[in-house]
$ cat run.cif   # mmCIF, C-alpha atoms and all ligand atoms
data_final
loop_
_atom_site.label_atom_id
_atom_site.label_comp_id
_atom_site.auth_asym_id
_atom_site.auth_seq_id
_atom_site.Cartn_x
_atom_site.Cartn_y
_atom_site.Cartn_z
CA MET F 156 10.11 -40.42 -30.86
CA HIS F 157 7.26 -38.27 -29.66
CA ALA F 158 5.31 -36.27 -32.13
CA VAL F 159 5.65 -32.61 -31.48
CA THR F 160 2.22 -31.12 -31.07
CA ALA F 161 1.76 -27.46 -31.54
CA LEU F 162 0.29 -26.10 -28.32
CA PRO F 163 -1.60 -22.90 -28.05
CA ASN F 164 0.42 -20.10 -26.49
CA PRO F 165 0.12 -20.38 -22.72
CA GLU F 166 -1.68 -17.62 -20.88
CA PRO F 167 0.90 -15.03 -19.90
CA THR F 168 1.56 -15.27 -16.15
CA VAL F 169 2.15 -11.54 -15.88
CA ALA F 170 -0.35 -9.16 -17.39
CA ALA F 171 1.23 -7.19 -20.21
CA GLU F 172 0.52 -3.93 -18.46
CA GLN F 173 2.56 -5.05 -15.45
CA LEU F 174 5.63 -5.28 -17.66
CA ASP F 175 6.01 -1.56 -17.40
CA PRO F 176 9.56 -0.48 -18.25
CA ARG F 177 9.56 1.73 -15.17
CA GLY F 178 9.26 -1.32 -12.93
CA GLU F 179 6.64 -2.75 -10.64
CA VAL F 180 3.35 -0.90 -10.70
CA LEU F 181 2.24 -0.41 -7.09
CA LEU F 182 -0.76 1.75 -7.89
CA ASP F 183 -2.77 1.71 -11.07
CA VAL F 184 -5.68 4.13 -11.19
CA ARG F 185 -7.80 3.88 -14.31
CA ALA F 186 -10.42 6.36 -15.38
CA ILE F 187 -11.85 7.10 -11.96
CA SER F 188 -14.58 9.70 -11.65
CA LYS F 189 -16.22 11.21 -8.61
CA SER F 190 -19.10 13.62 -8.12
CA PHE F 191 -20.48 15.19 -4.98
CA GLY F 192 -24.14 15.81 -5.69
CA ASP F 193 -24.22 17.11 -9.24
CA ARG F 194 -20.71 18.57 -9.03
CA VAL F 195 -18.17 16.48 -10.92
CA VAL F 196 -14.87 16.85 -9.05
CA LEU F 197 -12.84 14.16 -10.78
CA GLN F 198 -13.30 12.89 -14.31
CA ASP F 199 -11.57 9.95 -15.97
CA MET F 200 -8.45 10.28 -13.85
CA SER F 201 -5.76 7.73 -14.60
CA MET F 202 -2.29 7.47 -13.14
CA ARG F 203 0.30 5.01 -11.91
CA VAL F 204 2.88 4.89 -9.15
CA HIS F 205 5.84 2.56 -9.53
CA ALA F 206 8.04 1.08 -6.86
CA GLY F 207 10.89 3.45 -6.11
CA GLU F 208 9.41 6.63 -7.50
CA VAL F 209 8.02 9.85 -6.08
CA VAL F 210 4.99 11.16 -7.94
CA ALA F 211 3.86 14.68 -7.07
CA PHE F 212 0.34 15.96 -7.67
CA LEU F 213 0.09 19.65 -8.49
CA GLY F 214 -2.96 21.76 -9.24
CA ALA F 215 -4.93 24.69 -7.95
CA ASN F 216 -7.26 24.45 -4.95
CA GLY F 217 -10.18 22.17 -5.70
CA SER F 218 -8.60 20.53 -8.76
CA GLY F 219 -9.12 17.01 -7.39
CA LYS F 220 -5.68 16.10 -5.99
CA SER F 221 -6.86 14.99 -2.54
CA THR F 222 -9.95 13.34 -3.99
CA THR F 223 -7.67 11.11 -6.06
CA LEU F 224 -5.67 10.02 -3.01
CA ARG F 225 -8.81 9.57 -0.96
CA ALA F 226 -10.30 7.27 -3.57
CA VAL F 227 -7.15 5.17 -3.29
CA ASN F 228 -7.02 5.00 0.51
CA GLY F 229 -10.75 4.40 0.84
CA LEU F 230 -11.75 7.62 2.57
CA ILE F 231 -14.15 7.98 -0.34
CA GLU F 232 -15.27 5.54 -3.02
CA ALA F 233 -14.97 6.55 -6.67
CA ASP F 234 -18.23 6.46 -8.62
CA SER F 235 -16.60 4.63 -11.51
CA GLY F 236 -13.23 3.46 -12.73
CA ASP F 237 -10.79 0.89 -11.54
CA ILE F 238 -8.06 0.96 -8.90
CA THR F 239 -5.38 -1.70 -8.43
CA ILE F 240 -3.11 -1.50 -5.38
CA ALA F 241 -0.08 -3.77 -5.09
CA GLY F 242 -1.61 -6.11 -7.67
CA VAL F 243 -5.02 -6.29 -6.00
CA ARG F 244 -7.84 -5.03 -8.20
CA LEU F 245 -10.21 -3.48 -5.67
CA LEU F 246 -13.33 -4.00 -7.76
CA GLU F 247 -13.03 -7.75 -7.74
CA ALA F 248 -11.29 -8.35 -4.39
CA SER F 249 -13.00 -9.60 -1.24
CA ALA F 250 -13.50 -7.04 1.51
CA ALA F 251 -10.57 -8.55 3.42
CA ARG F 252 -8.21 -8.40 0.41
CA ARG F 253 -9.34 -4.86 -0.33
CA ALA F 254 -8.57 -3.80 3.23
CA GLU F 255 -5.20 -5.53 3.08
CA ALA F 256 -4.33 -3.83 -0.21
CA ARG F 257 -5.33 -0.46 1.20
CA ARG F 258 -3.18 -1.06 4.27
CA SER F 259 -0.22 -1.43 1.95
CA ALA F 260 -0.70 2.23 1.07
CA ALA F 261 -0.18 4.25 4.27
CA THR F 262 -1.47 7.82 4.36
CA VAL F 263 0.26 10.86 5.84
CA PHE F 264 -1.79 14.05 6.18
CA GLN F 265 -1.05 17.75 6.46
CA LYS F 266 -2.65 17.75 9.89
CA ILE F 267 -0.43 15.37 11.72
CA HIS F 268 -2.81 13.66 14.18
CA LEU F 269 -0.29 12.43 16.75
CA VAL F 270 -1.50 11.80 20.27
CA GLN F 271 0.31 14.78 21.73
CA ARG F 272 0.45 13.62 25.35
CA ARG F 273 1.78 10.15 24.46
CA SER F 274 5.40 9.32 23.74
CA VAL F 275 6.79 9.45 20.26
CA LEU F 276 7.38 5.68 20.42
CA HIS F 277 3.77 5.06 21.46
CA ASN F 278 2.55 7.02 18.47
CA VAL F 279 4.75 5.06 16.08
CA CYS F 280 3.66 1.72 17.58
CA ALA F 281 0.12 2.71 16.69
CA GLY F 282 1.12 2.26 13.03
CA GLY F 283 1.20 -1.46 13.80
CA PHE F 284 -2.50 -1.37 14.79
CA ALA F 285 -3.64 -2.10 11.32
CA ARG F 286 -1.72 -5.32 10.92
CA LEU F 287 -1.86 -6.87 14.40
CA PRO F 288 -4.69 -8.79 16.00
CA ALA F 289 -6.77 -6.41 18.10
CA TRP F 290 -5.65 -7.85 21.45
CA ARG F 291 -1.99 -7.37 20.61
CA SER F 292 -2.38 -3.82 19.43
CA LEU F 293 -4.00 -2.35 22.52
CA PRO F 294 -1.75 0.42 23.80
CA PRO F 295 -0.75 -1.23 27.09
CA LEU F 296 0.16 -4.37 25.18
CA PHE F 297 2.52 -2.92 22.63
CA GLY F 298 4.91 -5.85 22.70
CA ARG F 299 8.68 -5.73 22.65
CA GLU F 300 8.80 -6.77 19.03
CA LEU F 301 6.51 -3.97 17.95
CA GLN F 302 8.42 -1.46 20.06
CA ALA F 303 11.70 -2.57 18.50
CA GLU F 304 10.21 -2.20 15.03
CA ALA F 305 8.81 1.22 15.92
CA LEU F 306 12.23 2.27 17.17
CA ALA F 307 13.80 1.13 13.89
CA CYS F 308 11.20 3.20 12.01
CA LEU F 309 12.05 6.20 14.18
CA ASP F 310 15.70 5.65 13.47
CA ARG F 311 14.88 5.63 9.76
CA VAL F 312 13.43 9.14 10.06
CA GLY F 313 16.31 10.33 12.25
CA LEU F 314 14.37 10.60 15.51
CA ALA F 315 15.26 7.51 17.54
CA ASP F 316 16.74 9.75 20.23
CA ARG F 317 13.32 11.35 20.78
CA ALA F 318 11.46 8.03 21.24
CA HIS F 319 10.55 8.65 24.88
CA ASP F 320 9.68 12.33 24.60
CA ARG F 321 6.09 13.51 24.51
CA ALA F 322 4.99 13.83 20.89
CA GLY F 323 3.67 17.30 21.65
CA SER F 324 7.14 18.50 22.58
CA LEU F 325 8.46 18.05 19.03
CA SER F 326 8.45 20.70 16.32
CA GLY F 327 5.99 20.48 13.43
CA GLY F 328 8.62 19.12 11.07
CA GLN F 329 9.72 16.50 13.58
CA GLN F 330 6.10 15.52 14.20
CA GLN F 331 5.58 15.00 10.49
CA ARG F 332 8.64 12.75 10.44
CA VAL F 333 7.13 10.82 13.38
CA ALA F 334 3.93 10.48 11.34
CA ILE F 335 6.02 9.05 8.51
CA ALA F 336 7.66 6.63 10.97
CA ARG F 337 4.18 5.61 12.10
CA ALA F 338 3.26 5.01 8.46
CA LEU F 339 6.40 2.90 8.03
CA CYS F 340 5.42 0.81 11.07
CA GLN F 341 2.39 -0.21 9.03
CA ARG F 342 4.90 -1.90 6.65
CA PRO F 343 3.51 -0.21 3.56
CA ARG F 344 4.60 -0.56 -0.04
CA MET F 345 3.46 2.99 -0.73
CA ILE F 346 2.96 6.25 1.11
CA LEU F 347 0.15 8.57 0.08
CA ALA F 348 1.07 12.00 1.39
CA ASP F 349 -1.67 14.64 1.28
CA GLU F 350 0.02 18.03 1.57
CA PRO F 351 2.67 16.64 3.94
CA VAL F 352 4.65 19.88 4.07
CA SER F 353 2.04 22.61 3.72
CA ALA F 354 2.21 23.50 7.41
CA LEU F 355 6.01 23.39 7.65
CA ASP F 356 8.73 26.02 7.32
CA PRO F 357 10.98 25.73 4.25
CA LYS F 358 13.79 23.86 6.03
CA ALA F 359 11.42 21.35 7.67
CA ALA F 360 9.60 20.94 4.35
CA ASP F 361 12.88 20.12 2.62
CA ASP F 362 13.75 17.58 5.33
CA VAL F 363 10.40 15.82 4.96
CA MET F 364 10.58 15.79 1.15
CA GLN F 365 14.16 14.50 1.27
CA LEU F 366 13.02 11.72 3.59
CA LEU F 367 10.17 10.73 1.24
CA HIS F 368 12.57 10.84 -1.69
CA ASP F 369 15.06 8.59 0.16
CA LEU F 370 12.37 6.09 1.14
CA ALA F 371 11.54 5.72 -2.54
CA ALA F 372 15.13 5.64 -3.78
CA ASP F 373 16.64 3.46 -1.06
CA GLU F 374 13.77 1.20 -0.06
CA GLY F 375 11.65 1.03 -3.18
CA LEU F 376 8.53 2.54 -1.69
CA GLY F 377 6.16 4.28 -4.07
CA ILE F 378 5.33 7.80 -2.94
CA ALA F 379 2.35 9.84 -4.15
CA ALA F 380 2.43 13.33 -2.66
CA VAL F 381 0.01 16.22 -3.08
CA LEU F 382 2.03 19.43 -3.01
CA HIS F 383 1.37 23.11 -3.34
CA GLN F 384 4.97 24.04 -4.03
CA PRO F 385 6.05 23.37 -7.63
CA GLN F 386 9.69 23.91 -6.63
CA LEU F 387 9.50 21.03 -4.13
CA ALA F 388 7.91 18.83 -6.77
CA ARG F 389 10.75 19.68 -9.13
CA ALA F 390 13.41 19.07 -6.51
CA TYR F 391 12.17 15.80 -5.04
CA ALA F 392 9.73 14.09 -7.41
CA ASP F 393 10.46 11.87 -10.37
CA ARG F 394 7.17 12.62 -12.06
CA ILE F 395 4.55 15.32 -11.78
CA ILE F 396 0.86 14.84 -12.37
CA GLY F 397 -0.97 18.07 -13.14
CA LEU F 398 -4.68 18.39 -12.46
CA ARG F 399 -7.11 21.12 -13.39
CA GLY F 400 -10.83 21.13 -12.71
CA GLY F 401 -10.86 17.39 -11.97
CA HIS F 402 -9.07 16.51 -15.23
CA LEU F 403 -5.58 15.20 -15.80
CA VAL F 404 -3.63 17.88 -17.67
CA PHE F 405 -0.25 16.15 -17.82
CA ASP F 406 1.69 13.26 -16.35
CA ALA F 407 5.36 13.63 -17.14
CA ALA F 408 8.90 13.22 -15.89
CA VAL F 409 10.14 16.26 -14.00
CA GLY F 410 12.70 17.04 -16.71
CA GLU F 411 9.94 17.36 -19.31
CA ILE F 412 7.96 19.98 -17.41
CA ASP F 413 8.71 23.65 -17.92
CA ASP F 414 7.32 26.75 -16.24
CA ALA F 415 4.83 27.39 -19.05
CA LEU F 416 3.27 23.96 -18.61
CA LEU F 417 3.13 24.37 -14.84
CA ALA F 418 1.50 27.77 -15.21
CA THR F 419 -1.41 26.20 -17.12
CA LEU F 420 -2.46 24.55 -13.87
CA TYR F 421 -2.98 27.83 -12.07
CA LEU F 422 -4.71 29.94 -14.77
N1 LIG P 501 -16.84 15.43 0.92
C1 LIG P 501 -17.05 16.36 -0.01
N2 LIG P 501 -18.28 16.85 -0.24
C2 LIG P 501 -18.50 17.77 -1.19
N3 LIG P 501 -17.52 18.30 -1.98
C3 LIG P 501 -16.28 17.85 -1.79
C4 LIG P 501 -15.97 16.85 -0.81
N4 LIG P 501 -14.64 16.60 -0.86
C5 LIG P 501 -14.14 17.39 -1.83
N5 LIG P 501 -15.11 18.13 -2.39
C6 LIG P 501 -14.96 19.10 -3.47
O1 LIG P 501 -14.24 18.45 -4.51
C7 LIG P 501 -13.39 19.37 -5.18
C8 LIG P 501 -12.00 18.79 -5.21
O2 LIG P 501 -11.51 18.74 -3.88
P1 LIG P 501 -10.06 18.21 -3.53
O3 LIG P 501 -9.93 18.25 -2.05
O4 LIG P 501 -9.78 16.94 -4.23
O5 LIG P 501 -9.15 19.33 -4.20
P2 LIG P 501 -7.63 19.58 -4.06
O6 LIG P 501 -7.09 19.67 -5.44
O7 LIG P 501 -6.99 18.58 -3.16
O8 LIG P 501 -7.66 21.02 -3.41
P3 LIG P 501 -6.81 21.72 -2.24
O9 LIG P 501 -5.50 22.05 -2.86
O10 LIG P 501 -7.61 22.93 -1.91
O11 LIG P 501 -6.72 20.75 -1.10
C9 LIG P 501 -13.49 20.66 -4.41
O12 LIG P 501 -14.36 21.52 -5.11
C10 LIG P 501 -14.09 20.27 -3.08
O13 LIG P 501 -14.87 21.30 -2.53
#

$ encode --input "run.cif" --output "structure tokens"
Amino acid sequence: MHAVTALPNPEPTVAAEQLDPRGEVLLDVRAISKSFGDRVVLQDMSMRVHAGEVVAFLGANGSGKSTTLRAVNGLIEADSGDITIAGVRLLEASAARRAEARRSAATVFQKIHLVQRRSVLHNVCAGGFARLPAWRSLPPLFGRELQAEALACLDRVGLADRAHDRAGSLSGGQQQRVAIARALCQRPRMILADEPVSALDPKAADDVMQLLHDLAADEGLGIAAVLHQPQLARAYADRIIGLRGGHLVFDAAVGEIDDALLATLYL
């Protein structure tokens, strides 16, 4: 009979903080700060986005909402703090891993940036740029596979029938949905949406928010959206993060946020 030797507890294979009851953490932002010159625009900002949830950022102009998203997608670098995307801690990852992690978070902007004179399908194929070898992603070489995937992404946003139209012939709301299809063609785990509906009429804004909500609920994407309309955040988000003057004011489930709390953001 073998003697039973007491072994030390094995190292946990999953970090305790990843065992979040809300599910897989796709984005973990810890205590990031950012200054421009001597102006501090973000201080000790922490937040998470889980798979399958929509997180809305609310706050007055200049409160640091876009700066937070930009630190995640790499348009700026935070001065301090720690960001983990899809399990990759940016601070300790190689440049290649960092780029790969950031590609898993596709960004959609208020200004839509489609190539207006190109077809809708062409624009969506461009979402594959990031993940294909350069020679295969040149516009004339968009292969059949990529085109089929782009068409499926367009179908997902309800615009497959417009694939061969000029992008510039679509309405603003449709163009934003094309931009989301382009983001999907990047095969992201998350979408970072910076004021995705600010330029849209109320009906088009609802359509876009419903689409983002469905992508989270049905396909498990994590969505982080900067919004200026508290009613849209209430209707379509699971959680709201409130920012004021570069500081986190609250991070709570939609049901826990009342008008009085929201009003504190806009004092
Ligand atoms: N590149 C930059 N250089 C200098 N200051 C900047 C830069 N980017 C942002 N800021 C400043 O940082 C602060 C926060 O900007 P940010 O865009 O994050 O705010 P926001 O909450 O998204 O506002 P808005 O709702 O107006 O878009 C603002 O005062 C802005 O002027």

$ axis_aligned_box --input "run.cif" --around "ligand LIG 501 (chain P)" --padding-each-side "6 Å" --output "AutoDock Vina command-line options"
--center_x -12.0 --center_y 19.2 --center_z -2.3 --size_x 25.0 --size_y 19.5 --size_z 18.4

$ closest_residue --input "run.cif" --among "F:Ile335, F:Ile231, F:Leu387, F:Ala248" --to "Leu367 (chain F)" --atoms "only C-alpha atoms"
F:Ile335

$ residues_around --input "run.cif" --residues "region 208-212 of chain F" --least-positions-apart "2" --cutoff "7 Å" --atoms "all atoms listed in the file" --output "list of chain:residue names"
F:Val204, F:His205, F:Ala206, F:Gly214, F:Lys220, F:His368, F:Ala371, F:Ala372, F:Gly377, F:Ile378, F:Ala379, F:Ala380, F:Val381, F:Leu382, F:Ala388, F:Ala392, F:Asp393, F:Arg394, F:Ile395, F:Ile396, F:Gly397

$ residues_near_ligand --input "run.cif" --ligand "ligand LIG 501 (chain P)" --cutoff "8 Å" --atoms "all atoms listed in the file" --output "MDAnalysis selection string"
chainID F and resid 190:192 194:197 213:223 349:350 381:383 398 400:401

$ residues_around --input "run.cif" --residues "region 240-246 of chain F" --least-positions-apart "6" --cutoff "8 Å" --atoms "only C-alpha atoms" --output "ChimeraX atom specification"
/F:180-183,252-253,256-257,259-260,344

$ residues_near_point --input "run.cif" --point "(9.6, 17.1, 7.5)" --cutoff "10 Å" --atoms "only C-alpha atoms" --output "short mmCIF file (atom, residue, chain, number, x, y, z; two decimals) with C-alpha atoms, in the frame of the given file"
data_model
loop_
_atom_site.label_atom_id
_atom_site.label_comp_id
_atom_site.auth_asym_id
_atom_site.auth_seq_id
_atom_site.Cartn_x
_atom_site.Cartn_y
_atom_site.Cartn_z
CA VAL F 312 13.43 9.14 10.06
CA SER F 326 8.45 20.70 16.32
CA GLY F 327 5.99 20.48 13.43
CA GLY F 328 8.62 19.12 11.07
CA GLN F 329 9.72 16.50 13.58
CA GLN F 330 6.10 15.52 14.20
CA GLN F 331 5.58 15.00 10.49
CA ARG F 332 8.64 12.75 10.44
CA VAL F 333 7.13 10.82 13.38
CA ALA F 334 3.93 10.48 11.34
CA ILE F 335 6.02 9.05 8.51
CA PRO F 351 2.67 16.64 3.94
CA VAL F 352 4.65 19.88 4.07
CA ALA F 354 2.21 23.50 7.41
CA LEU F 355 6.01 23.39 7.65
CA ASP F 356 8.73 26.02 7.32
CA PRO F 357 10.98 25.73 4.25
CA LYS F 358 13.79 23.86 6.03
CA ALA F 359 11.42 21.35 7.67
CA ALA F 360 9.60 20.94 4.35
CA ASP F 361 12.88 20.12 2.62
CA ASP F 362 13.75 17.58 5.33
CA VAL F 363 10.40 15.82 4.96
CA MET F 364 10.58 15.79 1.15
CA GLN F 365 14.16 14.50 1.27
CA LEU F 366 13.02 11.72 3.59
CA LEU F 367 10.17 10.73 1.24
#

$ closest_residue --input "run.cif" --among "F:Gln198, F:Ser274, F:Thr262, F:Gln384" --to "Gly229 (chain F)" --atoms "all atoms listed in the file"
F:Thr262

$ decode --input "run.cif" --residues "region 197-281 of chain F" --atoms "C-alpha atoms" --output "PDB file, in the first residue's frame"
ATOM      1  CA  LEU F 197      -9.071  59.719 -16.135  1.00  0.00           C
ATOM      2  CA  GLN F 198      -8.185  58.629 -12.625  1.00  0.00           C
ATOM      3  CA  ASP F 199      -8.147  55.110 -11.221  1.00  0.00           C
ATOM      4  CA  MET F 200     -10.828  53.879 -13.588  1.00  0.00           C
ATOM      5  CA  SER F 201     -11.760  50.238 -13.153  1.00  0.00           C
ATOM      6  CA  MET F 202     -14.456  48.266 -14.918  1.00  0.00           C
ATOM      7  CA  ARG F 203     -15.242  44.902 -16.445  1.00  0.00           C
ATOM      8  CA  VAL F 204     -17.197  43.632 -19.416  1.00  0.00           C
ATOM      9  CA  HIS F 205     -18.452  40.057 -19.372  1.00  0.00           C
ATOM     10  CA  ALA F 206     -19.359  37.840 -22.275  1.00  0.00           C
ATOM     11  CA  GLY F 207     -22.993  38.363 -23.181  1.00  0.00           C
ATOM     12  CA  GLU F 208     -23.537  41.731 -21.558  1.00  0.00           C
ATOM     13  CA  VAL F 209     -24.029  45.285 -22.735  1.00  0.00           C
ATOM     14  CA  VAL F 210     -22.288  47.869 -20.581  1.00  0.00           C
ATOM     15  CA  ALA F 211     -23.190  51.501 -21.227  1.00  0.00           C
ATOM     16  CA  PHE F 212     -20.957  54.422 -20.291  1.00  0.00           C
ATOM     17  CA  LEU F 213     -22.773  57.593 -19.323  1.00  0.00           C
ATOM     18  CA  GLY F 214     -21.391  60.948 -18.243  1.00  0.00           C
ATOM     19  CA  ALA F 215     -21.244  64.568 -19.257  1.00  0.00           C
ATOM     20  CA  ASN F 216     -18.997  65.835 -22.056  1.00  0.00           C
ATOM     21  CA  GLY F 217     -15.356  65.420 -21.134  1.00  0.00           C
ATOM     22  CA  SER F 218     -15.961  62.961 -18.283  1.00  0.00           C
ATOM     23  CA  GLY F 219     -13.555  60.381 -19.722  1.00  0.00           C
ATOM     24  CA  LYS F 220     -15.874  57.885 -21.447  1.00  0.00           C
ATOM     25  CA  SER F 221     -14.106  57.836 -24.816  1.00  0.00           C
ATOM     26  CA  THR F 222     -10.699  57.997 -23.168  1.00  0.00           C
ATOM     27  CA  THR F 223     -11.523  54.744 -21.376  1.00  0.00           C
ATOM     28  CA  LEU F 224     -12.457  52.988 -24.629  1.00  0.00           C
ATOM     29  CA  ARG F 225      -9.458  54.443 -26.414  1.00  0.00           C
ATOM     30  CA  ALA F 226      -7.105  53.111 -23.769  1.00  0.00           C
ATOM     31  CA  VAL F 227      -8.609  49.682 -24.392  1.00  0.00           C
ATOM     32  CA  ASN F 228      -8.420  49.753 -28.187  1.00  0.00           C
ATOM     33  CA  GLY F 229      -4.943  51.265 -28.219  1.00  0.00           C
ATOM     34  CA  LEU F 230      -5.747  54.639 -29.748  1.00  0.00           C
ATOM     35  CA  ILE F 231      -4.078  56.008 -26.633  1.00  0.00           C
ATOM     36  CA  GLU F 232      -1.969  54.355 -23.950  1.00  0.00           C
ATOM     37  CA  ALA F 233      -2.960  54.772 -20.312  1.00  0.00           C
ATOM     38  CA  ASP F 234      -0.266  56.288 -18.092  1.00  0.00           C
ATOM     39  CA  SER F 235      -0.811  53.658 -15.414  1.00  0.00           C
ATOM     40  CA  GLY F 236      -3.079  50.779 -14.525  1.00  0.00           C
ATOM     41  CA  ASP F 237      -3.674  47.401 -16.008  1.00  0.00           C
ATOM     42  CA  ILE F 238      -5.870  46.197 -18.873  1.00  0.00           C
ATOM     43  CA  THR F 239      -6.663  42.565 -19.658  1.00  0.00           C
ATOM     44  CA  ILE F 240      -8.518  41.748 -22.885  1.00  0.00           C
ATOM     45  CA  ALA F 241      -9.820  38.236 -23.506  1.00  0.00           C
ATOM     46  CA  GLY F 242      -7.412  36.892 -20.892  1.00  0.00           C
ATOM     47  CA  VAL F 243      -4.361  38.696 -22.271  1.00  0.00           C
ATOM     48  CA  ARG F 244      -2.787  41.100 -19.798  1.00  0.00           C
ATOM     49  CA  LEU F 245      -1.500  43.858 -22.057  1.00  0.00           C
ATOM     50  CA  LEU F 246       1.295  44.930 -19.729  1.00  0.00           C
ATOM     51  CA  GLU F 247       3.067  41.613 -19.910  1.00  0.00           C
ATOM     52  CA  ALA F 248       2.103  40.431 -23.411  1.00  0.00           C
ATOM     53  CA  SER F 249       4.378  40.533 -26.443  1.00  0.00           C
ATOM     54  CA  ALA F 250       3.567  43.159 -29.054  1.00  0.00           C
ATOM     55  CA  ALA F 251       2.018  40.463 -31.256  1.00  0.00           C
ATOM     56  CA  ARG F 252      -0.205  39.101 -28.455  1.00  0.00           C
ATOM     57  CA  ARG F 253      -1.200  42.638 -27.502  1.00  0.00           C
ATOM     58  CA  ALA F 254      -2.232  43.377 -31.071  1.00  0.00           C
ATOM     59  CA  GLU F 255      -4.143  40.111 -31.267  1.00  0.00           C
ATOM     60  CA  ALA F 256      -5.961  40.832 -28.010  1.00  0.00           C
ATOM     61  CA  ARG F 257      -6.860  44.304 -29.209  1.00  0.00           C
ATOM     62  CA  ARG F 258      -8.181  42.878 -32.472  1.00  0.00           C
ATOM     63  CA  SER F 259     -10.598  40.808 -30.426  1.00  0.00           C
ATOM     64  CA  ALA F 260     -12.211  44.086 -29.386  1.00  0.00           C
ATOM     65  CA  ALA F 261     -13.570  45.745 -32.540  1.00  0.00           C
ATOM     66  CA  THR F 262     -14.407  49.440 -32.400  1.00  0.00           C
ATOM     67  CA  VAL F 263     -17.418  51.189 -33.907  1.00  0.00           C
ATOM     68  CA  PHE F 264     -17.400  54.990 -33.968  1.00  0.00           C
ATOM     69  CA  GLN F 265     -20.001  57.728 -34.177  1.00  0.00           C
ATOM     70  CA  LYS F 266     -18.475  58.844 -37.454  1.00  0.00           C
ATOM     71  CA  ILE F 267     -18.958  55.798 -39.551  1.00  0.00           C
ATOM     72  CA  HIS F 268     -15.909  55.817 -41.856  1.00  0.00           C
ATOM     73  CA  LEU F 269     -17.225  53.626 -44.671  1.00  0.00           C
ATOM     74  CA  VAL F 270     -15.679  54.011 -48.097  1.00  0.00           C
ATOM     75  CA  GLN F 271     -18.729  55.659 -49.605  1.00  0.00           C
ATOM     76  CA  ARG F 272     -18.031  54.876 -53.255  1.00  0.00           C
ATOM     77  CA  ARG F 273     -17.332  51.178 -52.612  1.00  0.00           C
ATOM     78  CA  SER F 274     -19.954  48.488 -52.231  1.00  0.00           C
ATOM     79  CA  VAL F 275     -21.379  47.593 -48.874  1.00  0.00           C
ATOM     80  CA  LEU F 276     -19.835  44.118 -49.221  1.00  0.00           C
ATOM     81  CA  HIS F 277     -16.415  45.600 -49.972  1.00  0.00           C
ATOM     82  CA  ASN F 278     -16.605  47.679 -46.814  1.00  0.00           C
ATOM     83  CA  VAL F 279     -17.523  44.675 -44.698  1.00  0.00           C
ATOM     84  CA  CYS F 280     -14.729  42.558 -46.215  1.00  0.00           C
ATOM     85  CA  ALA F 281     -12.334  45.225 -44.985  1.00  0.00           C
TER      86      ALA F 281
END
